file protein_20.cif (mmCIF, C-alpha atoms and all ligand atoms)
data_my_file
#
loop_
_atom_site.label_atom_id
_atom_site.label_comp_id
_atom_site.auth_asym_id
_atom_site.auth_seq_id
_atom_site.Cartn_x
_atom_site.Cartn_y
_atom_site.Cartn_z
CA MET Q 1 5.74 -34.08 13.14
CA LYS Q 2 5.09 -30.65 14.50
CA ILE Q 3 7.99 -28.25 14.06
CA THR Q 4 8.62 -24.59 14.68
CA LEU Q 5 10.73 -22.50 12.32
CA THR Q 6 11.66 -18.86 12.26
CA VAL Q 7 12.07 -17.78 8.65
CA ASN Q 8 13.22 -14.25 7.89
CA GLY Q 9 12.12 -13.26 11.38
CA ARG Q 10 8.63 -14.71 11.12
CA GLY Q 11 7.53 -17.72 13.14
CA TYR Q 12 5.94 -20.78 11.50
CA GLU Q 13 4.31 -23.72 13.27
CA LEU Q 14 4.11 -26.57 10.79
CA ASP Q 15 3.02 -30.20 10.67
CA VAL Q 16 5.34 -31.99 8.24
CA GLU Q 17 6.10 -35.55 7.22
CA PRO Q 18 9.62 -36.50 8.38
CA ARG Q 19 10.70 -37.29 4.80
CA ARG Q 20 10.12 -33.76 3.50
CA LEU Q 21 12.99 -31.55 2.44
CA LEU Q 22 13.56 -28.09 3.86
CA ALA Q 23 13.48 -26.65 0.32
CA ASP Q 24 10.02 -28.07 -0.34
CA VAL Q 25 8.67 -26.91 3.02
CA LEU Q 26 10.00 -23.39 2.45
CA ARG Q 27 8.44 -23.25 -1.00
CA ASP Q 28 5.19 -25.14 -0.48
CA ASP Q 29 4.33 -24.58 3.18
CA CYS Q 30 5.84 -21.16 3.80
CA GLY Q 31 5.15 -19.82 0.30
CA LEU Q 32 8.76 -18.64 -0.06
CA THR Q 33 9.39 -19.61 -3.67
CA GLY Q 34 12.58 -17.57 -4.04
CA THR Q 35 14.56 -20.66 -3.02
CA HIS Q 36 15.02 -22.71 -6.18
CA LEU Q 37 15.70 -26.39 -6.74
CA GLY Q 38 18.12 -27.38 -9.47
CA CYS Q 39 19.90 -30.70 -9.06
CA GLU Q 40 18.17 -31.81 -5.84
CA HIS Q 41 21.27 -33.68 -4.70
CA GLY Q 42 23.60 -31.08 -3.23
CA ILE Q 43 25.69 -30.10 -6.24
CA CYS Q 44 24.36 -26.87 -7.77
CA GLY Q 45 23.67 -24.73 -4.70
CA ALA Q 46 20.53 -23.13 -6.15
CA CYS Q 47 18.67 -24.11 -2.98
CA THR Q 48 21.13 -22.48 -0.55
CA VAL Q 49 19.61 -20.81 2.52
CA LEU Q 50 21.09 -19.76 5.86
CA MET Q 51 20.33 -21.94 8.88
CA ASP Q 52 21.34 -20.28 12.14
CA GLY Q 53 23.72 -18.16 10.08
CA GLN Q 54 25.32 -21.02 8.14
CA ALA Q 55 24.80 -21.69 4.46
CA VAL Q 56 23.12 -25.06 3.85
CA ARG Q 57 21.83 -26.85 0.78
CA SER Q 58 18.14 -27.00 1.58
CA CYS Q 59 17.72 -30.01 -0.73
CA LEU Q 60 19.95 -32.00 1.63
CA VAL Q 61 18.27 -30.98 4.89
CA LEU Q 62 15.08 -32.47 6.22
CA ALA Q 63 12.63 -29.89 7.52
CA VAL Q 64 12.38 -31.76 10.83
CA GLN Q 65 16.13 -31.26 11.34
CA CYS Q 66 15.45 -27.51 11.41
CA ASP Q 67 12.98 -27.61 14.29
CA GLY Q 68 13.69 -24.55 16.44
CA SER Q 69 16.10 -23.05 13.89
CA SER Q 70 16.28 -19.57 12.50
CA LEU Q 71 16.37 -19.57 8.71
CA ARG Q 72 17.03 -16.88 6.19
CA THR Q 73 16.04 -17.08 2.56
CA VAL Q 74 16.53 -14.71 -0.35
CA GLU Q 75 13.24 -13.03 0.58
CA GLY Q 76 14.91 -11.93 3.82
CA LEU Q 77 17.98 -10.38 2.21
CA ALA Q 78 16.64 -6.87 1.63
CA ASP Q 79 16.24 -4.72 4.73
CA PRO Q 80 12.77 -4.50 6.34
CA GLY Q 81 12.14 -1.22 4.51
CA GLY Q 82 12.67 -2.96 1.18
CA GLU Q 83 16.11 -1.49 0.48
CA PRO Q 84 18.01 -4.16 -1.48
CA HIS Q 85 21.03 -5.80 0.11
CA PRO Q 86 24.41 -4.61 -1.27
CA LEU Q 87 24.74 -8.00 -2.98
CA GLN Q 88 21.42 -7.54 -4.76
CA ARG Q 89 22.46 -4.09 -5.97
CA ALA Q 90 25.85 -5.38 -7.07
CA PHE Q 91 24.35 -8.33 -8.99
CA SER Q 92 22.14 -5.85 -10.81
CA ALA Q 93 24.94 -3.35 -11.48
CA GLU Q 94 27.38 -6.00 -12.71
CA HIS Q 95 24.78 -7.91 -14.78
CA ALA Q 96 25.60 -11.01 -12.77
CA LEU Q 97 22.56 -12.96 -13.87
CA GLN Q 98 20.73 -14.00 -16.98
CA CYS Q 99 17.91 -16.44 -16.27
CA GLY Q 100 18.29 -15.80 -12.54
CA PHE Q 101 17.47 -19.36 -11.55
CA CYS Q 102 20.76 -19.82 -9.70
CA THR Q 103 20.82 -16.28 -8.33
CA PRO Q 104 19.11 -16.78 -4.94
CA GLY Q 105 21.62 -19.49 -4.08
CA PHE Q 106 24.58 -17.33 -5.09
CA LEU Q 107 23.19 -14.41 -3.09
CA MET Q 108 22.76 -16.50 0.04
CA VAL Q 109 26.14 -18.22 -0.09
CA ALA Q 110 27.78 -14.84 -0.71
CA ALA Q 111 25.78 -13.22 2.10
CA GLU Q 112 27.10 -15.78 4.55
CA ALA Q 113 30.67 -15.23 3.31
CA LEU Q 114 30.37 -11.43 3.63
CA GLU Q 115 28.94 -11.67 7.12
CA ARG Q 116 31.67 -14.09 8.18
CA ASP Q 117 34.53 -12.06 6.69
CA PRO Q 118 33.89 -8.53 5.38
CA ALA Q 119 37.55 -8.42 4.26
CA ILE Q 120 36.71 -10.90 1.50
CA ALA Q 121 36.98 -7.97 -0.96
CA ASP Q 122 40.76 -8.21 -0.61
CA LYS Q 123 40.89 -11.97 -0.97
CA PRO Q 124 40.27 -13.02 -4.57
CA GLU Q 125 40.75 -16.67 -3.64
CA ALA Q 126 37.96 -16.39 -1.06
CA VAL Q 127 35.63 -14.82 -3.63
CA GLU Q 128 36.65 -17.62 -6.01
CA ALA Q 129 35.69 -20.20 -3.39
CA VAL Q 130 32.26 -18.60 -2.90
CA VAL Q 131 31.55 -18.39 -6.61
CA GLY Q 132 32.91 -21.87 -7.23
CA SER Q 133 30.62 -23.46 -4.67
CA ASN Q 134 27.52 -23.00 -6.81
CA ILE Q 135 26.67 -23.68 -10.45
CA CYS Q 136 25.45 -21.10 -12.95
CA ARG Q 137 24.72 -22.29 -16.46
CA CYS Q 138 24.35 -18.82 -18.02
CA THR Q 139 26.74 -16.08 -17.02
CA GLY Q 140 30.25 -17.54 -17.15
CA TYR Q 141 30.93 -16.56 -13.50
CA GLU Q 142 33.05 -13.47 -14.23
CA ALA Q 143 30.19 -11.06 -13.58
CA ILE Q 144 29.21 -12.94 -10.43
CA ARG Q 145 32.80 -12.69 -9.21
CA ARG Q 146 32.77 -8.91 -9.87
CA ALA Q 147 29.42 -8.52 -8.10
CA VAL Q 148 30.51 -10.34 -4.96
CA THR Q 149 33.71 -8.28 -4.83
CA ARG Q 150 31.79 -5.04 -5.38
CA ALA Q 151 29.32 -5.82 -2.61
CA ALA Q 152 32.13 -6.81 -0.25
CA ARG Q 153 33.86 -3.49 -0.91
CA GLU Q 154 30.64 -1.64 -0.19
CA CYS Q 155 30.06 -3.56 3.06
CA ARG Q 156 33.63 -2.96 4.17
CA GLY Q 157 33.36 0.75 3.33
CA SER Q 158 30.22 1.20 5.41
CA GLU Q 159 31.75 -0.29 8.55
S1 LIG G 201 19.07 -28.14 -5.66
FE1 LIG G 201 20.15 -28.24 -3.81
S2 LIG G 201 22.24 -28.27 -4.39
FE2 LIG G 201 21.16 -28.32 -6.28
S1 LIG G 202 21.77 -16.91 -14.30
FE1 LIG G 202 20.94 -18.65 -15.27
S2 LIG G 202 21.79 -20.35 -14.25
FE2 LIG G 202 22.77 -18.64 -13.41
#
call {"tool": "encode", "arguments": {"input": "protein_20.cif", "output": "structure tokens"}}
result
Amino acid sequence: MKITLTVNGRGYELDVEPRRLLADVLRDDCGLTGTHLGCEHGICGACTVLMDGQAVRSCLVLAVQCDGSSLRTVEGLADPGGEPHPLQRAFSAEHALQCGFCTPGFLMVAAEALERDPAIADKPEAVEAVVGSNICRCTGYEAIRRAVTRAARECRGSE
């Protein structure tokens, strides 16, 4: 099937088999390998991307379901000039990653949460919900929690 996607502001016209997952199309057809696959059945969140502004598990979405959608992957998180997103800076500053395999998914689910509610910095339970939605096997989550809170504070301060 022929589909049209906008990914990180760039248009793609693709011919894909209906059975193919969004994650595989992003990686293999669009060359955007920042989106990682862990469990491939919706549990770990490593594959999280934004679809029309909403966080989705791209291992649970067929590419054909995204026809006409606007997608954002971790490659689209920095600003067009290459300045890292506050979340990327905070993950670095707080040492919120080790192997980094899960990191793109955490960044994208946190980006959606920050955009939806910049006041998340004052809501530890909301940060907890963001961090708890994905699986990291390395860091123990505390540093990720600190990084999301730090980035939220920065975003709130710049408003
Ligand atoms: S790879 Fe999609 S949720 Fe784990
Ligand atoms: S940093 Fe390795 S799985 Fe999260």
call {"tool": "residues_around", "arguments": {"input": "protein_20.cif", "residues": "Leu14 (chain Q)", "least_positions_apart": "4", "cutoff": "10 Å", "atoms": "all atoms listed in the file", "output": "PyMOL selection string"}}
result
chain Q and resi 1-5+25+29-30+63-64+67
call {"tool": "axis_aligned_box", "arguments": {"input": "protein_20.cif", "around": "region 15-22 of chain Q", "padding_each_side": "3 Å", "output": "JSON"}}
result
{"center_x": 8.3, "center_y": -32.7, "center_z": 6.6, "size_x": 16.5, "size_y": 15.2, "size_z": 14.2}
call {"tool": "closest_atom_pairs", "arguments": {"input": "protein_20.cif", "of": "chain Q", "to": "ligand LIG 201 (chain G)", "cutoff": "10 Å", "atoms": "all atoms listed in the file", "output": "tab-separated table"}}
result
residue	atom	partner	partner_atom	distance
Q:Ala23	CA	G:LIG201	FE1	8.0
Q:Thr35	CA	G:LIG201	S1	9.1
Q:His36	CA	G:LIG201	S1	6.8
Q:Leu37	CA	G:LIG201	S1	3.9
Q:Gly38	CA	G:LIG201	S1	4.0
Q:Cys39	CA	G:LIG201	FE2	3.9
Q:Glu40	CA	G:LIG201	S1	3.8
Q:His41	CA	G:LIG201	S2	5.5
Q:Gly42	CA	G:LIG201	S2	3.3
Q:Ile43	CA	G:LIG201	S2	4.3
Q:Cys44	CA	G:LIG201	FE2	3.8
Q:Gly45	CA	G:LIG201	S2	3.8
Q:Ala46	CA	G:LIG201	FE2	5.2
Q:Cys47	CA	G:LIG201	FE1	4.5
Q:Thr48	CA	G:LIG201	FE1	6.7
Q:Val49	CA	G:LIG201	FE1	9.8
Q:Val56	CA	G:LIG201	FE1	8.8
Q:Arg57	CA	G:LIG201	FE1	5.1
Q:Ser58	CA	G:LIG201	FE1	5.9
Q:Cys59	CA	G:LIG201	FE1	4.3
Q:Leu60	CA	G:LIG201	FE1	6.6
Q:Val61	CA	G:LIG201	FE1	9.3
Q:Cys102	CA	G:LIG201	FE2	9.2
Q:Gly105	CA	G:LIG201	S2	8.8
Q:Ser133	CA	G:LIG201	S2	9.7
Q:Asn134	CA	G:LIG201	S2	7.8
Q:Ile135	CA	G:LIG201	FE2	8.3
call {"tool": "residues_near_ligand", "arguments": {"input": "protein_20.cif", "ligand": "ligand LIG 202 (chain G)", "cutoff": "7 Å", "atoms": "all atoms listed in the file", "output": "list in words"}}
result
Leu97, Gln98, Cys99, Gly100, Phe101, Cys102, Thr103, Cys136, Arg137, Cys138 and Thr139 of chain Q
call {"tool": "closest_residue", "arguments": {"input": "protein_20.cif", "among": "Q:Gly31, Q:Arg20, Q:His95, Q:Ala78", "to": "Gly140 (chain Q)", "atoms": "all atoms listed in the file"}}
result
Q:His95
call {"tool": "closest_residue", "arguments": {"input": "protein_20.cif", "among": "Q:Ala143, Q:Val131, Q:Ala121, Q:Leu62", "to": "Gly157 (chain Q)", "atoms": "all atoms listed in the file"}}
result
Q:Ala121
call {"tool": "atom_distance", "arguments": {"input": "protein_20.cif", "atom1": "CA of Thr73 (chain Q)", "atom2": "CA of Val148 (chain Q)"}}
result
17.6 Å
call {"tool": "residues_around", "arguments": {"input": "protein_20.cif", "residues": "Leu87 (chain Q)", "least_positions_apart": "5", "cutoff": "7 Å", "atoms": "all atoms listed in the file", "output": "PyMOL selection string"}}
result
chain Q and resi 107+147-148+151
call {"tool": "closest_residue", "arguments": {"input": "protein_20.cif", "among": "Q:Leu32, Q:Leu77, Q:Leu22, Q:Cys66", "to": "Met108 (chain Q)", "atoms": "all atoms listed in the file"}}
result
Q:Leu77
call {"tool": "residues_around", "arguments": {"input": "protein_20.cif", "residues": "Lys123 (chain Q)", "least_positions_apart": "5", "cutoff": "10 Å", "atoms": "only C-alpha atoms", "output": "MDAnalysis selection string"}}
result
chainID Q and resid 117 128 149
call {"tool": "atom_distance", "arguments": {"input": "protein_20.cif", "atom1": "CA of Gln65 (chain Q)", "atom2": "CA of Asp52 (chain Q)"}}
result
12.2 Å
call {"tool": "atom_distance", "arguments": {"input": "protein_20.cif", "atom1": "CA of Val16 (chain Q)", "atom2": "CA of Ser69 (chain Q)"}}
result
15.1 Å
call {"tool": "decode", "arguments": {"input": "protein_20.cif", "residues": "region 58-103 of chain Q", "atoms": "N, CA and C atoms", "output": "tab-separated table (two decimals), in the first residue's frame"}}
result
chain	number	residue	atom	x	y	z
Q	58	SER	N	5.59	2.09	18.84
Q	58	SER	CA	5.61	1.87	17.39
Q	58	SER	C	5.73	0.40	17.01
Q	59	CYS	N	5.90	-0.49	18.02
Q	59	CYS	CA	5.86	-1.93	17.73
Q	59	CYS	C	4.43	-2.45	17.73
Q	60	LEU	N	3.49	-1.60	18.13
Q	60	LEU	CA	2.08	-2.03	18.17
Q	60	LEU	C	1.24	-1.33	17.10
Q	61	VAL	N	1.90	-0.51	16.28
Q	61	VAL	CA	1.17	0.26	15.27
Q	61	VAL	C	1.64	-0.19	13.90
Q	62	LEU	N	0.68	-0.46	13.04
Q	62	LEU	CA	1.05	-0.79	11.66
Q	62	LEU	C	1.35	0.51	10.91
Q	63	ALA	N	2.33	0.46	10.04
Q	63	ALA	CA	2.69	1.67	9.30
Q	63	ALA	C	1.50	2.21	8.51
Q	64	VAL	N	0.67	1.32	7.98
Q	64	VAL	CA	-0.46	1.79	7.17
Q	64	VAL	C	-1.49	2.55	8.01
Q	65	GLN	N	-1.50	2.29	9.33
Q	65	GLN	CA	-2.40	3.05	10.20
Q	65	GLN	C	-1.96	4.50	10.35
Q	66	CYS	N	-0.73	4.79	9.97
Q	66	CYS	CA	-0.16	6.13	10.14
Q	66	CYS	C	-0.27	6.96	8.87
Q	67	ASP	N	-0.90	6.42	7.85
Q	67	ASP	CA	-1.00	7.16	6.58
Q	67	ASP	C	-1.56	8.57	6.84
Q	68	GLY	N	-0.81	9.57	6.41
Q	68	GLY	CA	-1.24	10.96	6.58
Q	68	GLY	C	-0.87	11.56	7.91
Q	69	SER	N	-0.21	10.78	8.77
Q	69	SER	CA	0.12	11.27	10.12
Q	69	SER	C	1.43	12.03	10.15
Q	70	SER	N	1.56	12.81	11.22
Q	70	SER	CA	2.81	13.50	11.49
Q	70	SER	C	3.48	12.79	12.66
Q	71	LEU	N	4.68	12.32	12.44
Q	71	LEU	CA	5.40	11.54	13.44
Q	71	LEU	C	6.64	12.30	13.90
Q	72	ARG	N	7.01	12.01	15.13
Q	72	ARG	CA	8.24	12.60	15.66
Q	72	ARG	C	9.02	11.49	16.34
Q	73	THR	N	10.27	11.38	15.98
Q	73	THR	CA	11.15	10.38	16.58
Q	73	THR	C	12.25	11.10	17.35
Q	74	VAL	N	13.10	10.33	18.00
Q	74	VAL	CA	14.16	10.94	18.80
Q	74	VAL	C	15.08	11.81	17.93
Q	75	GLU	N	15.18	11.49	16.65
Q	75	GLU	CA	16.02	12.32	15.77
Q	75	GLU	C	15.45	13.73	15.62
Q	76	GLY	N	14.15	13.89	15.91
Q	76	GLY	CA	13.52	15.19	15.75
Q	76	GLY	C	13.40	15.96	17.06
Q	77	LEU	N	14.08	15.49	18.10
Q	77	LEU	CA	13.93	16.13	19.41
Q	77	LEU	C	14.77	17.41	19.52
Q	78	ALA	N	15.98	17.37	19.04
Q	78	ALA	CA	16.83	18.58	19.07
Q	78	ALA	C	16.20	19.63	18.16
Q	79	ASP	N	16.55	20.91	18.39
Q	79	ASP	CA	15.99	21.93	17.51
Q	79	ASP	C	16.70	21.89	16.15
Q	80	PRO	N	16.13	22.53	15.14
Q	80	PRO	CA	16.70	22.41	13.78
Q	80	PRO	C	18.16	22.84	13.70
Q	81	GLY	N	18.59	23.70	14.62
Q	81	GLY	CA	19.99	24.12	14.63
Q	81	GLY	C	20.91	23.13	15.31
Q	82	GLY	N	20.32	22.04	15.83
Q	82	GLY	CA	21.14	21.01	16.48
Q	82	GLY	C	21.28	21.18	17.98
Q	83	GLU	N	20.63	22.22	18.53
Q	83	GLU	CA	20.69	22.41	19.98
Q	83	GLU	C	19.86	21.32	20.65
Q	84	PRO	N	20.48	20.55	21.57
Q	84	PRO	CA	19.73	19.45	22.19
Q	84	PRO	C	18.50	19.95	22.95
Q	85	HIS	N	17.50	19.11	22.97
Q	85	HIS	CA	16.27	19.36	23.74
Q	85	HIS	C	16.65	19.38	25.23
Q	86	PRO	N	15.91	20.17	26.05
Q	86	PRO	CA	16.18	20.17	27.49
Q	86	PRO	C	16.23	18.77	28.09
Q	87	LEU	N	15.41	17.87	27.60
Q	87	LEU	CA	15.44	16.49	28.12
Q	87	LEU	C	16.77	15.81	27.80
Q	88	GLN	N	17.28	16.04	26.61
Q	88	GLN	CA	18.56	15.43	26.24
Q	88	GLN	C	19.68	15.97	27.11
Q	89	ARG	N	19.66	17.28	27.35
Q	89	ARG	CA	20.69	17.86	28.23
Q	89	ARG	C	20.55	17.32	29.64
Q	90	ALA	N	19.31	17.21	30.11
Q	90	ALA	CA	19.11	16.74	31.48
Q	90	ALA	C	19.52	15.27	31.64
Q	91	PHE	N	19.22	14.44	30.65
Q	91	PHE	CA	19.64	13.03	30.72
Q	91	PHE	C	21.16	12.94	30.80
Q	92	SER	N	21.84	13.82	30.06
Q	92	SER	CA	23.29	13.82	30.10
Q	92	SER	C	23.79	14.31	31.47
Q	93	ALA	N	23.22	15.42	31.94
Q	93	ALA	CA	23.68	16.01	33.20
Q	93	ALA	C	23.43	15.10	34.39
Q	94	GLU	N	22.32	14.37	34.36
Q	94	GLU	CA	21.95	13.52	35.50
Q	94	GLU	C	22.44	12.07	35.33
Q	95	HIS	N	23.18	11.80	34.29
Q	95	HIS	CA	23.68	10.44	34.02
Q	95	HIS	C	22.52	9.43	34.01
Q	96	ALA	N	21.48	9.80	33.26
Q	96	ALA	CA	20.25	9.00	33.26
Q	96	ALA	C	20.27	7.88	32.23
Q	97	LEU	N	21.43	7.45	31.85
Q	97	LEU	CA	21.50	6.32	30.92
Q	97	LEU	C	22.83	5.60	31.11
Q	98	GLN	N	22.78	4.31	30.80
Q	98	GLN	CA	24.03	3.55	30.74
Q	98	GLN	C	24.19	3.03	29.32
Q	99	CYS	N	23.51	1.93	28.99
Q	99	CYS	CA	23.66	1.43	27.62
Q	99	CYS	C	22.96	2.34	26.61
Q	100	GLY	N	21.91	3.03	27.07
Q	100	GLY	CA	21.21	3.96	26.19
Q	100	GLY	C	20.16	3.33	25.29
Q	101	PHE	N	20.00	2.02	25.39
Q	101	PHE	CA	19.06	1.36	24.47
Q	101	PHE	C	17.63	1.85	24.70
Q	102	CYS	N	17.28	2.02	25.96
Q	102	CYS	CA	15.91	2.44	26.29
Q	102	CYS	C	15.72	3.95	26.14
Q	103	THR	N	16.82	4.69	26.05
Q	103	THR	CA	16.78	6.14	26.19
Q	103	THR	C	15.87	6.85	25.18
